[in-house]
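Peer 1: This is upload.pdb (PDB, C-alpha atoms).
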```
ATOM      1  CA  MET A 217     -15.281  18.945  -1.145
ATOM      2  CA  PRO A 218     -13.561  15.634  -1.800
ATOM      3  CA  TYR A 219     -16.582  14.070  -3.543
ATOM      4  CA  THR A 220     -19.072  15.228  -6.092
ATOM      5  CA  VAL A 221     -22.352  13.555  -5.135
ATOM      6  CA  THR A 222     -25.095  12.971  -7.709
ATOM      7  CA  GLN A 223     -28.560  11.623  -6.957
ATOM      8  CA  THR A 224     -29.898   8.998  -9.323
ATOM      9  CA  ARG A 225     -33.488   8.265 -10.378
ATOM     10  CA  LEU A 226     -33.696   6.466  -7.027
ATOM     11  CA  PRO A 227     -32.987   9.404  -4.699
ATOM     12  CA  GLU A 228     -31.293   7.342  -1.982
ATOM     13  CA  VAL A 229     -28.868   5.729  -4.452
ATOM     14  CA  LEU A 230     -25.930   8.098  -4.873
ATOM     15  CA  ILE A 231     -23.015   8.354  -7.282
ATOM     16  CA  LEU A 232     -19.855   9.643  -5.621
ATOM     17  CA  GLU A 233     -17.001  10.942  -7.735
ATOM     18  CA  PRO A 234     -13.808  11.600  -5.776
ATOM     19  CA  LYS A 235     -11.411  14.431  -6.409
ATOM     20  CA  VAL A 236      -8.470  12.833  -8.202
ATOM     21  CA  PHE A 237      -5.005  14.363  -8.263
ATOM     22  CA  GLY A 238      -2.990  13.174 -11.241
ATOM     23  CA  ASP A 239       0.153  13.951 -13.148
ATOM     24  CA  ALA A 240       2.714  12.139 -15.307
ATOM     25  CA  ARG A 241       3.546   9.824 -12.378
ATOM     26  CA  GLY A 242      -0.005   8.559 -11.933
ATOM     27  CA  PHE A 243      -2.795   9.613  -9.574
ATOM     28  CA  PHE A 244      -3.866   9.846  -5.942
ATOM     29  CA  TYR A 245      -7.262  10.098  -4.324
ATOM     30  CA  GLU A 246      -8.895   9.342  -0.998
ATOM     31  CA  SER A 247     -11.290   6.504  -1.719
ATOM     32  CA  PHE A 248     -13.004   6.897   1.651
ATOM     33  CA  ASN A 249     -12.997   9.341   4.540
ATOM     34  CA  ALA A 250     -15.816   8.956   7.082
ATOM     35  CA  LEU A 251     -16.096  12.679   7.863
ATOM     36  CA  ASP A 252     -16.139  13.699   4.194
ATOM     37  CA  PHE A 253     -18.614  10.928   3.327
ATOM     38  CA  ALA A 254     -21.010  12.109   6.056
ATOM     39  CA  GLN A 255     -20.651  15.761   5.071
ATOM     40  CA  CYS A 256     -21.137  15.156   1.348
ATOM     41  CA  THR A 257     -23.995  12.642   1.577
ATOM     42  CA  GLY A 258     -25.723  13.629   4.801
ATOM     43  CA  LEU A 259     -25.517   9.966   5.837
ATOM     44  CA  ASP A 260     -24.355   8.772   9.233
ATOM     45  CA  VAL A 261     -23.280   5.190   8.571
ATOM     46  CA  GLN A 262     -20.656   2.916  10.026
ATOM     47  CA  PHE A 263     -18.955   0.421   7.758
ATOM     48  CA  VAL A 264     -18.063  -2.891   9.391
ATOM     49  CA  GLN A 265     -16.806  -5.094   6.560
ATOM     50  CA  ASP A 266     -14.856  -4.728   3.304
ATOM     51  CA  ASN A 267     -15.265  -7.220   0.451
ATOM     52  CA  HIS A 268     -13.192  -7.709  -2.701
ATOM     53  CA  SER A 269     -14.054  -9.860  -5.725
ATOM     54  CA  LYS A 270     -12.469 -10.526  -9.089
ATOM     55  CA  SER A 271     -14.604 -11.703 -11.989
ATOM     56  CA  ALA A 272     -14.233 -12.455 -15.680
ATOM     57  CA  LYS A 273     -16.067 -10.756 -18.534
ATOM     58  CA  GLY A 274     -19.750 -11.624 -18.627
ATOM     59  CA  VAL A 275     -19.961 -12.696 -14.977
ATOM     60  CA  LEU A 276     -23.121 -11.354 -13.371
ATOM     61  CA  ARG A 277     -23.221 -11.347  -9.568
ATOM     62  CA  GLY A 278     -26.561 -10.653  -7.940
ATOM     63  CA  LEU A 279     -29.033  -9.342  -7.346
ATOM     64  CA  HIS A 280     -28.305  -9.925  -3.644
ATOM     65  CA  TYR A 281     -29.659  -8.556  -0.384
ATOM     66  CA  GLN A 282     -30.123  -9.615   3.241
ATOM     67  CA  ILE A 283     -33.724  -9.694   4.468
ATOM     68  CA  GLN A 284     -32.504  -9.371   8.065
ATOM     69  CA  HIS A 285     -29.361  -7.388   8.851
ATOM     70  CA  PRO A 286     -29.742  -5.403   5.598
ATOM     71  CA  GLN A 287     -26.504  -3.968   4.313
ATOM     72  CA  GLY A 288     -25.785  -0.548   2.928
ATOM     73  CA  LYS A 289     -22.952  -0.837   0.405
ATOM     74  CA  LEU A 290     -20.398   1.631  -0.906
ATOM     75  CA  VAL A 291     -19.065  -0.012  -4.065
ATOM     76  CA  ARG A 292     -16.254   0.730  -6.508
ATOM     77  CA  VAL A 293     -14.071  -0.889  -9.160
ATOM     78  CA  THR A 294     -10.267  -0.880  -8.930
ATOM     79  CA  GLN A 295      -9.552  -2.786 -12.155
ATOM     80  CA  GLY A 296     -11.754  -3.074 -15.229
ATOM     81  CA  GLU A 297     -15.365  -1.992 -15.732
ATOM     82  CA  VAL A 298     -18.792  -3.148 -14.545
ATOM     83  CA  PHE A 299     -22.422  -2.193 -14.948
ATOM     84  CA  ASP A 300     -23.642  -1.878 -11.362
ATOM     85  CA  VAL A 301     -27.347  -2.112 -10.414
ATOM     86  CA  ALA A 302     -29.487  -1.337  -7.366
ATOM     87  CA  VAL A 303     -33.173  -2.332  -7.077
ATOM     88  CA  ASP A 304     -35.481  -0.818  -4.447
ATOM     89  CA  LEU A 305     -37.116  -3.643  -2.452
ATOM     90  CA  ARG A 306     -38.858  -1.474   0.139
ATOM     91  CA  LYS A 307     -42.590  -2.133  -0.287
ATOM     92  CA  SER A 308     -43.466   1.255   1.255
ATOM     93  CA  SER A 309     -41.219   3.155  -1.168
ATOM     94  CA  PRO A 310     -42.688   5.030  -4.144
ATOM     95  CA  HIS A 311     -39.766   3.508  -6.084
ATOM     96  CA  PHE A 312     -40.495  -0.118  -5.110
ATOM     97  CA  GLY A 313     -39.301  -2.473  -7.851
ATOM     98  CA  LYS A 314     -37.447   0.276  -9.733
ATOM     99  CA  TRP A 315     -33.784   0.004 -10.618
ATOM    100  CA  GLU A 316     -30.770   2.195 -11.310
ATOM    101  CA  GLY A 317     -27.684   1.189 -13.255
ATOM    102  CA  VAL A 318     -24.311   2.924 -13.394
ATOM    103  CA  VAL A 319     -21.022   2.106 -15.117
ATOM    104  CA  LEU A 320     -18.237   1.920 -12.555
ATOM    105  CA  SER A 321     -14.656   1.537 -13.680
ATOM    106  CA  ALA A 322     -11.063   1.886 -12.601
ATOM    107  CA  ASP A 323     -10.851   4.792 -15.044
ATOM    108  CA  ASN A 324     -13.893   6.813 -13.896
ATOM    109  CA  LYS A 325     -13.258   6.035 -10.190
ATOM    110  CA  ARG A 326     -16.953   6.457  -9.431
ATOM    111  CA  GLN A 327     -18.455   4.898  -6.345
ATOM    112  CA  LEU A 328     -22.084   3.967  -5.776
ATOM    113  CA  TRP A 329     -23.935   4.124  -2.464
ATOM    114  CA  VAL A 330     -26.547   1.343  -2.314
ATOM    115  CA  PRO A 331     -28.693   1.807   0.812
ATOM    116  CA  PRO A 332     -30.102  -0.951   3.008
ATOM    117  CA  GLY A 333     -33.370  -2.240   1.557
ATOM    118  CA  PHE A 334     -32.012  -2.525  -1.984
ATOM    119  CA  ALA A 335     -30.895  -5.567  -3.970
ATOM    120  CA  HIS A 336     -27.499  -5.149  -5.584
ATOM    121  CA  GLY A 337     -25.641  -6.754  -8.463
ATOM    122  CA  PHE A 338     -23.227  -6.125 -11.290
ATOM    123  CA  VAL A 339     -22.056  -7.548 -14.587
ATOM    124  CA  VAL A 340     -18.447  -7.371 -15.788
ATOM    125  CA  LEU A 341     -17.949  -5.482 -19.065
ATOM    126  CA  SER A 342     -14.130  -5.684 -19.337
ATOM    127  CA  ASP A 343     -11.969  -8.807 -19.653
ATOM    128  CA  THR A 344     -11.787  -8.925 -15.847
ATOM    129  CA  ALA A 345     -12.811  -6.607 -13.041
ATOM    130  CA  GLU A 346     -11.903  -6.211  -9.405
ATOM    131  CA  PHE A 347     -14.789  -4.971  -7.309
ATOM    132  CA  LEU A 348     -14.509  -3.586  -3.753
ATOM    133  CA  TYR A 349     -17.275  -2.697  -1.385
ATOM    134  CA  LYS A 350     -17.810  -1.616   2.170
ATOM    135  CA  THR A 351     -20.891  -2.834   4.056
ATOM    136  CA  THR A 352     -22.809  -1.413   7.005
ATOM    137  CA  ASP A 353     -23.599  -4.849   8.424
ATOM    138  CA  TYR A 354     -21.901  -8.213   8.468
ATOM    139  CA  TYR A 355     -22.631 -10.990   6.002
ATOM    140  CA  HIS A 356     -25.289 -13.372   7.304
ATOM    141  CA  PRO A 357     -25.708 -16.201   4.762
ATOM    142  CA  GLU A 358     -28.914 -17.416   6.391
ATOM    143  CA  PHE A 359     -30.591 -14.091   5.545
ATOM    144  CA  GLU A 360     -29.190 -13.672   2.040
ATOM    145  CA  ARG A 361     -31.782 -13.565  -0.714
ATOM    146  CA  SER A 362     -31.528 -13.111  -4.490
ATOM    147  CA  LEU A 363     -33.769 -11.344  -6.963
ATOM    148  CA  LEU A 364     -33.627 -12.809 -10.471
ATOM    149  CA  TRP A 365     -31.358 -10.659 -12.640
ATOM    150  CA  SER A 366     -33.699 -10.977 -15.647
ATOM    151  CA  ASP A 367     -37.039 -10.436 -13.888
ATOM    152  CA  PRO A 368     -39.233  -8.879 -16.614
ATOM    153  CA  THR A 369     -41.271  -6.980 -14.008
ATOM    154  CA  VAL A 370     -38.161  -5.079 -12.921
ATOM    155  CA  GLY A 371     -36.873  -4.837 -16.510
ATOM    156  CA  ILE A 372     -33.199  -4.106 -15.957
ATOM    157  CA  GLN A 373     -31.500  -3.218 -19.225
ATOM    158  CA  TRP A 374     -28.252  -5.107 -18.747
ATOM    159  CA  PRO A 375     -25.612  -4.283 -21.394
ATOM    160  CA  VAL A 376     -24.998  -7.985 -22.059
ATOM    161  CA  GLY A 377     -26.731 -10.720 -23.973
ATOM    162  CA  ASN A 378     -29.157 -13.209 -22.515
ATOM    163  CA  ALA A 379     -26.486 -15.564 -21.226
ATOM    164  CA  PRO A 380     -24.293 -13.994 -18.534
ATOM    165  CA  LEU A 381     -22.179 -16.291 -16.383
ATOM    166  CA  LEU A 382     -24.138 -16.923 -13.178
ATOM    167  CA  ALA A 383     -23.617 -18.728  -9.895
ATOM    168  CA  ALA A 384     -26.174 -21.488  -9.313
ATOM    169  CA  LYS A 385     -27.887 -19.453  -6.560
ATOM    170  CA  ASP A 386     -28.266 -16.469  -8.901
ATOM    171  CA  ALA A 387     -29.659 -18.622 -11.728
ATOM    172  CA  ALA A 388     -32.229 -20.025  -9.263
ATOM    173  CA  ALA A 389     -33.208 -16.614  -7.828
ATOM    174  CA  LEU A 390     -36.853 -15.608  -7.530
ATOM    175  CA  VAL A 391     -38.788 -12.873  -9.328
ATOM    176  CA  LEU A 392     -40.037  -9.753  -7.541
ATOM    177  CA  GLU A 393     -43.513 -11.107  -6.815
ATOM    178  CA  GLN A 394     -41.955 -14.135  -5.065
ATOM    179  CA  VAL A 395     -39.055 -12.648  -3.062
ATOM    180  CA  GLU A 396     -39.176 -11.463   0.498
ATOM    181  CA  VAL A 397     -39.149  -7.674   0.553
ATOM    182  CA  PHE A 398     -38.725  -4.960   3.154
ATOM    183  CA  PRO A 399     -41.695  -3.152   4.732
TER     184      PRO A 399
END
```
Could you render the structure from this file as C-alpha cells?
Peer 2:
Amino acid sequence: MPYTVTQTRLPEVLILEPKVFGDARGFFYESFNALDFAQCTGLDVQFVQDNHSKSAKGVLRGLHYQIQHPQGKLVRVTQGEVFDVAVDLRKSSPHFGKWEGVVLSADNKRQLWVPPGFAHGFVVLSDTAEFLYKTTDYYHPEFERSLLWSDPTVGIQWPVGNAPLLAAKDAAALVLEQVEVFP
C-alpha cells in the first residue's frame, strides 16, 4: 500500500505516511492518489480546493473551521516543520473538545487527515514552513469561525511559549464554551 495509516487518540483523525523512494539523487513519492487514499482510509471524499501558505517561526494559524460548509482537510508540510492540531467540535462526539497534535515536516513527509467538524491549526517550529492542504469544500469566509488557540478548557500543549505570532482574528477567537459547534 502507498500509505501507512495510523489512527490517533481521535479515531477519525488519521496520520498518513507515504511510501518514499529515495537514493543519492533525492526522493520520489505520490503525495496523493484518490484511489489509494480511499482504499487506505476507507474514506470516500472529494477534494475541491488546494491551499498553500508560508509562515515564519512562531506563527500560529488557527484554530479555524467553517460552521456551514465544513471542510475536511488533508494537510502536509513541504518545507520546514510544524506542530499541527485538530480539535473535535462535534457536540455529539465522545471526543468533543479533545485535541490531537502531530509534528509534520518536509523530512517526515507525514500527512494529517482532519475531518469535517474539527477545528484546525498549526504553529511553525522551523525558521519558515510551507504548508499545503486539500479541502473537501470551498472557503466561505462568512462561515469561518476560530477557537482560541490557548483555551484552557481544551488545554492544547503547544511546543511554543505564550506569545506565538497571531493574526488579529486568531487573537480575538472565542473559547470552547462560546464558539458555535457542530451537532
Peer 1: Take the PyMOL selection byres ((chain A and resi 358) around 10), apply it to the structure above, and return the hits as a VMD selection string.
Peer 2: chain A and resid 282 to 284 355 to 357 359 to 361
Peer 1: Using all atoms listed in the file for the distances, tell me which of A:Pro368, A:Gly333, A:Gly296, A:Pro227 is nearest to Glu316 (chain A).
Peer 2: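 Of the candidates, the smallest distance to Glu316 (chain A) is held by A:Pro227.
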Peer 1: Which distance in Å separates CA of Leu251 (chain A) and CA of Gly317 (chain A), to one decimal?
Peer 2: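 About the pair CA of Leu251 (chain A) and CA of Gly317 (chain A): they are 26.7 Å apart.
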Peer 1: So that I can check the surroundings of region 297-306 of chain A, please list as a list in words every protein, DNA and RNA residue that reaches within 6 Å of it, counting only C-alpha atoms and ignoring chain neighbours fewer than 4 positions away.
Peer 2: Phe312, Gly313, Lys314, Trp315, Glu316, Gly317, Val318, Val319, Leu320, Ser321, Gly333, Phe334, Ala335, His336, Gly337, Phe338, Val339, Val340, Leu341, Ser342, Ala345, Val397, Phe398 and Pro399 of chain A
Peer 1: Out of A:His268, A:His311, A:His280, A:Lys325, which residue has the shortest atom-to-atom distance to Leu348 (chain A) when counting all atoms listed in the file?
Peer 2: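 Between A:His268, A:His311, A:His280, A:Lys325, the residue approaching Leu348 (chain A) most closely is A:His268.
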Peer 1: Evaluate the PyMOL selection byres ((chain A and resi 393) around 12) against this structure - the residues, as a list in words, please.
Peer 2: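 With the shown file as input, the PyMOL selection byres ((chain A and resi 393) around 12) matches Leu305, Lys307, Phe312, Gly313, Leu363, Leu364, Asp367, Pro368, Thr369, Val370, Ala389, Leu390, Val391, Leu392, Gln394, Val395, Glu396 and Val397 of chain A.
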